[in-house]
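Enquirer: Right, I'll just put the structure down here and ask away after.
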Amino acid sequence: MIKKVYISQTNCITPLGLDVLSNVEAIDKGVTAIQLHQNKAFLPTDFHAAFINETIVNQAFLKLSDSDCYTKLEKMLLLALAPIIKSSTIELNSKIGFILSTTKGNITALQNPTSKSIEQAQLHTLAKTIASFFGFVTEPIVVSNACVSGILAVSVAKRMIQSTQFDAVFIVAGDEVSPFVLSGFNSFQAMSNAPCKPYSKNRSGVNLGEAAAAVLITNNPENAFVEIIGDGSINDANHISGPSRTGEGLVKSIESALSEAKVSPEQIDFISAHGTATPFNDEMEAIALNRLALQNVPINSLKGYFGHTLGASGLLETVMGIHAIQHNILMASLGFDEIGVSQNINVIAENTPKECTYFLKTASGFGGSNTAVLFKKTL
């Protein structure tokens with residue numbers, strides 16, 4: 001018999017707040033963290049992005065440690081995970097796993113390369129730093145697969161628990177905005193010159209953001225928010241940065257999740273989608289959803305609030321989705337105005353009450369990566 005797997009605790013750190021409630025309140029008010037920035041050290045031209053105030057991070061971190069040896073990203077990750085570790089009362093033994101999800105990690109350490117900073121920039125070093133802070137005894141696992149990393153980590157944890165390797169897995173995901181990442185997206189001409197508008201006719205690209213999010217995945221249904229009932233991750237191998245124009249990888253990922261969960265498209269209450277606001281991503285998602293008869297299911301992208309937070313995005317948006325399903329609310333896709341994809345989809349234009357049982361989280365990323373995970377509210 002396949003073990004059931006649950007999420008029982010969540011937390012997040014974003015420019016809108018250092019806990020779930022603060023972020024939910026900001027979404028309820030339609031507040032965005034995306035602002036215009038003029039910083040020549042990051043880009044020679046003005047750009048829109050969502051930064052977490054480092055002073056606020058430092059002040060909050062003093063409650064955990066007075067050490068000055070941690071980077072901004074490390075502090076974000078530790079702050080996101082600490083409340084979950086503390087309230088779980090789980091003994092960190094050989095049956096408890098730890099996963100770090102990130103796309104670029106401490107990439108800023110390479111701006112002034114030394115032997116120490118080169119070591120610090122390696123993802124396994126970052127994972128060990130976080131794991132040792134809390135005293136995990138198992139080898140930390142890194143999930144770094146472009147922008148699906150955050151939600152893919154949930155899929156990996158689910159399968160590890162179902163295989164009986166672990167009884168529970170703590171996941172923390174995070175990325176920060178850096179000159180390296182900004183210049184990369186800018187070179188693709190993928191960045192918007194205004195706050196992004198996912199799925200809208202006049203969308204012009206992505207805004208980058210930074211965040212950290214954490215969850216506890218467990219085989220224990222006690223106090224669980226949701227059950228993870230299906231998942232799939234398929235690579236379409238289309239292009240190093242461009243998605244499949246037919247949505248092939250996303251279609252197969254969602255099909256896998258639906259098949260495992262034995263849930264039909266019409267049972268899904270809402271979809272928390274990737275929605276980067278780039279012309280190709282949003283179009284691909286619309287095509288994929290229509291191929292699966294999901295075009296009428298309410299859908300949102302939370303990129304208008306947080307920007308695209310890379311490896312953190314899938315987990316951050318899962319945390320928000322869990323709150324939404326628990327409180328029976330459809331969160332608006334901020335910035336949406338007029339539909340701008342070739343096939344119609346049901347974009348949520350304003351926060352709307354709705355009795356919810358199932359929600360689908362999807363993500364797509366560079367290299368043709370796609371992941372879909374289906375959640376069911378625990379009654």
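Simple scheme: letters A, B, ... for chains in structure tokens order, numbers from 1 for residues in each chain, numbers from 1 for ligands in the order shown.
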Please provide the set of residues having any atom within 7 Å of range 175-188 of chain A, restricted to only C-alpha atoms, with same-chain residues fewer than 3 positions apart removed, written as a count of residues only.
Expert: 19
Enquirer: Pick out the residues sitting within 7 Å of Val215 in chain A, and hand them over as a ChimeraX atom specification; count only C-alpha atoms, and ignore anything fewer than 6 positions along from it in its own chain.
Expert: /A:7,9-11,170-172
Enquirer: At a cut-off of 9 Å, can you tabulate as a tab-separated table every residue of range 204-280 of chain A near range 152-159 of chain A together with its closest atom pair and the distance in Å to one decimal, using only C-alpha atoms and ordering rows by chain then number?
Expert:
residue	atom	partner	partner_atom	distance
A:Val215	CA	A:Val154	CA	8.8
A:Ile217	CA	A:Ala157	CA	6.8
A:Thr218	CA	A:Lys158	CA	8.2
A:Asn219	CA	A:Lys158	CA	8.9
A:Ile228	CA	A:Lys158	CA	7.4
A:Gly230	CA	A:Ser155	CA	8.6
A:Asp231	CA	A:Ser155	CA	6.2
A:Gly232	CA	A:Ser155	CA	7.6
A:Ser233	CA	A:Leu152	CA	7.4
Enquirer: Next, write the just-selected residues to a file, as a PDB file, in the first residue's frame, keeping N, CA, C and O atoms as the atom set.
Expert:
ATOM      1  N   VAL A 215       8.489  24.214   4.139  1.00  0.00           N
ATOM      2  CA  VAL A 215       7.360  23.355   4.488  1.00  0.00           C
ATOM      3  C   VAL A 215       7.878  22.094   5.172  1.00  0.00           C
ATOM      4  O   VAL A 215       9.051  21.736   5.042  1.00  0.00           O
ATOM      5  N   ILE A 217       7.028  18.143   5.068  1.00  0.00           N
ATOM      6  CA  ILE A 217       6.348  17.035   4.394  1.00  0.00           C
ATOM      7  C   ILE A 217       6.438  15.817   5.312  1.00  0.00           C
ATOM      8  O   ILE A 217       7.523  15.495   5.817  1.00  0.00           O
ATOM      9  N   THR A 218       5.328  15.110   5.530  1.00  0.00           N
ATOM     10  CA  THR A 218       5.334  14.045   6.522  1.00  0.00           C
ATOM     11  C   THR A 218       4.328  12.952   6.175  1.00  0.00           C
ATOM     12  O   THR A 218       3.388  13.172   5.401  1.00  0.00           O
ATOM     13  N   ASN A 219       4.530  11.768   6.763  1.00  0.00           N
ATOM     14  CA  ASN A 219       3.550  10.690   6.612  1.00  0.00           C
ATOM     15  C   ASN A 219       2.512  10.715   7.726  1.00  0.00           C
ATOM     16  O   ASN A 219       1.652   9.838   7.800  1.00  0.00           O
ATOM     17  N   ILE A 228      -0.704  15.387  -0.355  1.00  0.00           N
ATOM     18  CA  ILE A 228      -0.115  15.437  -1.697  1.00  0.00           C
ATOM     19  C   ILE A 228      -0.559  14.177  -2.420  1.00  0.00           C
ATOM     20  O   ILE A 228      -0.114  13.079  -2.089  1.00  0.00           O
ATOM     21  N   GLY A 230      -0.817  13.574  -5.976  1.00  0.00           N
ATOM     22  CA  GLY A 230      -0.311  13.214  -7.301  1.00  0.00           C
ATOM     23  C   GLY A 230       0.777  14.166  -7.747  1.00  0.00           C
ATOM     24  O   GLY A 230       0.787  15.338  -7.351  1.00  0.00           O
ATOM     25  N   ASP A 231       1.711  13.655  -8.547  1.00  0.00           N
ATOM     26  CA  ASP A 231       2.770  14.530  -9.047  1.00  0.00           C
ATOM     27  C   ASP A 231       3.309  13.993 -10.369  1.00  0.00           C
ATOM     28  O   ASP A 231       3.119  12.817 -10.705  1.00  0.00           O
ATOM     29  N   GLY A 232       3.993  14.858 -11.085  1.00  0.00           N
ATOM     30  CA  GLY A 232       4.648  14.459 -12.326  1.00  0.00           C
ATOM     31  C   GLY A 232       5.673  15.499 -12.710  1.00  0.00           C
ATOM     32  O   GLY A 232       5.482  16.695 -12.468  1.00  0.00           O
ATOM     33  N   SER A 233       6.781  15.057 -13.282  1.00  0.00           N
ATOM     34  CA  SER A 233       7.817  15.989 -13.732  1.00  0.00           C
ATOM     35  C   SER A 233       8.406  15.468 -15.040  1.00  0.00           C
ATOM     36  O   SER A 233       9.091  14.443 -15.055  1.00  0.00           O
TER      37      SER A 233
END
Enquirer: Could the residues of range 227-305 of chain A that have an atom at most 8 Å from range 348-358 of chain A be listed as a tab-separated table, each with its closest atom pair and the distance in Å to one decimal, counting only C-alpha atoms and ordered by chain and ascending residue number?
Expert:
residue	atom	partner	partner_atom	distance
A:Gln267	CA	A:Tyr358	CA	7.0
A:Ile268	CA	A:Tyr358	CA	5.1
A:Asp269	CA	A:Tyr358	CA	5.5
A:Phe270	CA	A:Tyr358	CA	7.3
A:Pro298	CA	A:Ile348	CA	5.9
A:Ile299	CA	A:Ile348	CA	5.8
A:Asn300	CA	A:Ile348	CA	5.7
Enquirer: Print the selection's residues with C-alpha atoms to a file, as a PDB file, in the first residue's frame.
Expert:
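Contents of selection.pdb, freshly written:
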ATOM      1  CA  GLN A 267     -12.757  18.384  -9.829  1.00  0.00           C
ATOM      2  CA  ILE A 268      -9.858  20.839  -9.569  1.00  0.00           C
ATOM      3  CA  ASP A 269     -10.903  24.049  -7.808  1.00  0.00           C
ATOM      4  CA  PHE A 270      -7.992  26.242  -8.908  1.00  0.00           C
ATOM      5  CA  PRO A 298      -9.802  29.284 -12.177  1.00  0.00           C
ATOM      6  CA  ILE A 299      -6.093  30.040 -12.550  1.00  0.00           C
ATOM      7  CA  ASN A 300      -3.708  32.554 -11.042  1.00  0.00           C
TER       8      ASN A 300
END
Enquirer: Might you pull out every residue within 6 Å of Gly368 in chain A, with only C-alpha atoms counted and same-chain residues fewer than 3 positions away left off, and present them as a list of chain:residue names?
Expert: A:Asn235, A:Asp236, A:Ala237, A:Asn238, A:Pro243
Enquirer: Taking only C-alpha atoms into account, name the residue in A:Ser94, A:Ser241, A:Ser65, A:Ser144 that is nearest to Phe166 in chain A.
Expert: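 Of A:Ser94, A:Ser241, A:Ser65, A:Ser144, the one nearest Phe166 in chain A, counting only C-alpha atoms, is A:Ser94.
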Enquirer: Can you pull out every residue from range 77-210 of chain A that DSSP, working from the backbone, puts in alpha helix (DSSP H), and format the result as a VMD selection string?
Expert: chain A and resid 77 to 88 115 to 120 123 to 134 149 to 162 179 to 187
Enquirer: Skip Asn370 in chain A itself and residues of its chain fewer than 2 positions away, then list as a PyMOL selection string all residues within 8 Å of it, counting only C-alpha atoms.
Expert: chain A and resi 148+233-236+249-250+253+362-365+368+372
Enquirer: Out of A:Ala224, A:Val206, A:Ile99, A:Val263, which residue has the shortest atom-to-atom distance to Phe47 in chain A when counting only C-alpha atoms?
Expert: A:Val206
Enquirer: Of the residues A:Ala261, A:Ile271, A:Val5, A:Val251, which is the one nearest to Ser369 in chain A, using only C-alpha atoms?
Expert: A:Val251
Enquirer: At what distance in Å, to one decimal, does CA of Ser22 in chain A lie from CA of Phe136 in chain A?
Expert: 28.7 Å
Enquirer: Could you check how far CA of Gln59 in chain A sits from CA of Asn23 in chain A, in Å to one decimal?
Expert: 18.7 Å
Enquirer: For Lys86 in chain A, find every residue with an atom within 12 Å (counting only C-alpha atoms), except residues of its own chain fewer than 5 positions away, and show them as a list of chain:residue names.
Expert: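 Selected residues are A:Gln9, A:Leu64, A:Leu78, A:Leu79, A:Ala80, A:Leu81, A:Glu91, A:Leu92, A:Phe134, A:Phe170, A:Leu216.
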Enquirer: Go ahead and save the residues from that selection, with all heavy atoms, as a JSON list (two decimals), in the first residue's frame.
Expert:
[["chain", "number", "residue", "atom", "x", "y", "z"],
["A", 9, "GLN", "N", 3.08, 21.98, 7.93],
["A", 9, "GLN", "CA", 3.53, 23.30, 8.37],
["A", 9, "GLN", "C", 4.10, 24.06, 7.18],
["A", 9, "GLN", "O", 4.70, 23.45, 6.28],
["A", 9, "GLN", "CB", 4.58, 23.18, 9.47],
["A", 9, "GLN", "CG", 4.03, 22.59, 10.77],
["A", 9, "GLN", "CD", 5.02, 22.73, 11.90],
["A", 9, "GLN", "OE1", 5.56, 23.81, 12.15],
["A", 9, "GLN", "NE2", 5.28, 21.64, 12.59],
["A", 64, "LEU", "N", 17.79, 34.58, 16.00],
["A", 64, "LEU", "CA", 18.29, 33.22, 15.81],
["A", 64, "LEU", "C", 19.75, 33.10, 16.21],
["A", 64, "LEU", "O", 20.18, 32.11, 16.81],
["A", 64, "LEU", "CB", 18.14, 32.79, 14.35],
["A", 64, "LEU", "CG", 16.75, 32.49, 13.80],
["A", 64, "LEU", "CD1", 16.86, 32.00, 12.36],
["A", 64, "LEU", "CD2", 16.05, 31.45, 14.65],
["A", 78, "LEU", "N", 17.38, 30.36, 6.73],
["A", 78, "LEU", "CA", 17.31, 29.98, 8.14],
["A", 78, "LEU", "C", 16.07, 30.57, 8.81],
["A", 78, "LEU", "O", 15.40, 29.89, 9.61],
["A", 78, "LEU", "CB", 18.58, 30.44, 8.86],
["A", 78, "LEU", "CG", 19.86, 29.71, 8.45],
["A", 78, "LEU", "CD1", 21.09, 30.43, 8.98],
["A", 78, "LEU", "CD2", 19.85, 28.26, 8.93],
["A", 79, "LEU", "N", 15.74, 31.81, 8.48],
["A", 79, "LEU", "CA", 14.55, 32.44, 9.04],
["A", 79, "LEU", "C", 13.27, 31.75, 8.59],
["A", 79, "LEU", "O", 12.30, 31.64, 9.35],
["A", 79, "LEU", "CB", 14.50, 33.92, 8.66],
["A", 79, "LEU", "CG", 15.45, 34.86, 9.40],
["A", 79, "LEU", "CD1", 15.52, 36.22, 8.72],
["A", 79, "LEU", "CD2", 15.01, 35.01, 10.85],
["A", 80, "ALA", "N", 13.25, 31.29, 7.34],
["A", 80, "ALA", "CA", 12.06, 30.61, 6.83],
["A", 80, "ALA", "C", 11.85, 29.26, 7.50],
["A", 80, "ALA", "O", 10.72, 28.87, 7.83],
["A", 80, "ALA", "CB", 12.17, 30.43, 5.32],
["A", 81, "LEU", "N", 12.95, 28.53, 7.73],
["A", 81, "LEU", "CA", 12.84, 27.16, 8.25],
["A", 81, "LEU", "C", 12.74, 27.10, 9.77],
["A", 81, "LEU", "O", 12.11, 26.19, 10.32],
["A", 81, "LEU", "CB", 14.04, 26.35, 7.78],
["A", 81, "LEU", "CG", 14.03, 24.84, 8.05],
["A", 81, "LEU", "CD1", 12.76, 24.19, 7.50],
["A", 81, "LEU", "CD2", 15.27, 24.20, 7.44],
["A", 91, "GLU", "N", 12.28, 14.93, 16.34],
["A", 91, "GLU", "CA", 13.69, 14.63, 16.56],
["A", 91, "GLU", "C", 14.38, 14.43, 15.21],
["A", 91, "GLU", "O", 13.93, 13.65, 14.37],
["A", 91, "GLU", "CB", 13.85, 13.37, 17.41],
["A", 91, "GLU", "CG", 15.30, 12.99, 17.67],
["A", 91, "GLU", "CD", 15.45, 11.66, 18.39],
["A", 91, "GLU", "OE1", 14.42, 11.08, 18.80],
["A", 91, "GLU", "OE2", 16.59, 11.18, 18.53],
["A", 92, "LEU", "N", 15.48, 15.13, 15.01],
["A", 92, "LEU", "CA", 16.17, 15.08, 13.72],
["A", 92, "LEU", "C", 17.08, 13.86, 13.67],
["A", 92, "LEU", "O", 18.30, 13.95, 13.82],
["A", 92, "LEU", "CB", 16.96, 16.37, 13.49],
["A", 92, "LEU", "CG", 16.13, 17.66, 13.49],
["A", 92, "LEU", "CD1", 17.01, 18.86, 13.25],
["A", 92, "LEU", "CD2", 15.01, 17.59, 12.46],
["A", 134, "PHE", "N", 20.77, 23.57, 12.07],
["A", 134, "PHE", "CA", 19.67, 22.95, 12.80],
["A", 134, "PHE", "C", 20.00, 21.57, 13.37],
["A", 134, "PHE", "O", 19.26, 21.04, 14.19],
["A", 134, "PHE", "CB", 18.43, 22.84, 11.91],
["A", 134, "PHE", "CG", 17.86, 24.18, 11.52],
["A", 134, "PHE", "CD1", 17.96, 24.65, 10.22],
["A", 134, "PHE", "CD2", 17.23, 24.97, 12.46],
["A", 134, "PHE", "CE1", 17.44, 25.87, 9.85],
["A", 134, "PHE", "CE2", 16.71, 26.21, 12.12],
["A", 134, "PHE", "CZ", 16.81, 26.67, 10.82],
["A", 170, "PHE", "N", 11.98, 18.05, 5.76],
["A", 170, "PHE", "CA", 11.91, 19.51, 5.81],
["A", 170, "PHE", "C", 12.47, 20.06, 4.50],
["A", 170, "PHE", "O", 13.55, 19.66, 4.08],
["A", 170, "PHE", "CB", 12.72, 20.05, 6.98],
["A", 170, "PHE", "CG", 12.14, 19.76, 8.33],
["A", 170, "PHE", "CD1", 12.47, 18.59, 9.01],
["A", 170, "PHE", "CD2", 11.26, 20.65, 8.94],
["A", 170, "PHE", "CE1", 11.95, 18.31, 10.26],
["A", 170, "PHE", "CE2", 10.73, 20.38, 10.19],
["A", 170, "PHE", "CZ", 11.08, 19.22, 10.85],
["A", 216, "LEU", "N", 6.98, 21.44, 5.88],
["A", 216, "LEU", "CA", 7.25, 20.12, 6.45],
["A", 216, "LEU", "C", 6.39, 19.10, 5.72],
["A", 216, "LEU", "O", 5.16, 19.19, 5.74],
["A", 216, "LEU", "CB", 6.94, 20.09, 7.95],
["A", 216, "LEU", "CG", 7.01, 18.72, 8.63],
["A", 216, "LEU", "CD1", 8.39, 18.10, 8.48],
["A", 216, "LEU", "CD2", 6.61, 18.82, 10.10]]
Enquirer: A:Asp46, A:Leu294, A:Glu285, A:Thr246: which is nearest Pro265 in chain A, counting only C-alpha atoms?
Expert: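 Ranking A:Asp46, A:Leu294, A:Glu285, A:Thr246 by distance to Pro265 in chain A, first place goes to A:Leu294.
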Enquirer: List every residue of range 78-259 of chain A that DSSP, applied to the backbone of this structure, places in strand (DSSP E), and write the result as number ranges by chain.
Expert: A: 96-101, 141-143, 168-175, 208-209, 211-218, 226-233
Enquirer: Which polymer residues have any atom within 7 Å of an atom of Ala121 in chain A, counting only C-alpha atoms, with same-chain residues fewer than 2 positions away left out, as a ChimeraX atom specification?
Expert: /A:105-107,109-110,117-119,123
Enquirer: Which distance in Å separates CA of Lys72 in chain A and CA of Ile85 in chain A, to one decimal?
Expert: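 CA of Ile85 in chain A lies 20.0 Å from CA of Lys72 in chain A.
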Enquirer: Compare A:Asn53, A:Ser163, A:Thr32, A:Ser313 by their minimum atom-to-atom distance to Gly275 in chain A, counting only C-alpha atoms, and give me the closest one.
Expert: A:Ser313
Enquirer: Show me, as a PyMOL selection string, the residues that have an atom within 9 Å of Ala190 in chain A when counting only C-alpha atoms, minus same-chain residues fewer than 5 positions from it.
Expert: chain A and resi 185+204-207+278-279
Enquirer: Taking N, CA and C atoms for each residue, export the selection above as a PDB file, in the first residue's frame.
Expert:
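And here's out-v5.pdb as it stands now:
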ATOM      1  N   PHE A 185      18.616  37.397 -17.581  1.00  0.00           N
ATOM      2  CA  PHE A 185      17.265  37.604 -18.098  1.00  0.00           C
ATOM      3  C   PHE A 185      17.213  38.812 -19.024  1.00  0.00           C
ATOM      4  N   SER A 204       4.792  42.295 -21.084  1.00  0.00           N
ATOM      5  CA  SER A 204       6.042  42.506 -21.812  1.00  0.00           C
ATOM      6  C   SER A 204       7.213  41.739 -21.217  1.00  0.00           C
ATOM      7  N   GLY A 205       6.965  40.949 -20.181  1.00  0.00           N
ATOM      8  CA  GLY A 205       8.061  40.165 -19.645  1.00  0.00           C
ATOM      9  C   GLY A 205       7.982  39.976 -18.145  1.00  0.00           C
ATOM     10  N   VAL A 206       9.091  39.496 -17.588  1.00  0.00           N
ATOM     11  CA  VAL A 206       9.163  39.055 -16.207  1.00  0.00           C
ATOM     12  C   VAL A 206       9.787  40.132 -15.326  1.00  0.00           C
ATOM     13  N   ASN A 207       9.407  40.152 -14.048  1.00  0.00           N
ATOM     14  CA  ASN A 207      10.136  40.874 -13.013  1.00  0.00           C
ATOM     15  C   ASN A 207      10.764  39.838 -12.093  1.00  0.00           C
ATOM     16  N   THR A 278       6.008  36.320 -19.576  1.00  0.00           N
ATOM     17  CA  THR A 278       6.726  36.377 -20.851  1.00  0.00           C
ATOM     18  C   THR A 278       5.783  35.884 -21.950  1.00  0.00           C
ATOM     19  N   PRO A 279       5.954  36.364 -23.178  1.00  0.00           N
ATOM     20  CA  PRO A 279       5.031  35.963 -24.250  1.00  0.00           C
ATOM     21  C   PRO A 279       4.959  34.458 -24.452  1.00  0.00           C
TER      22      PRO A 279
END
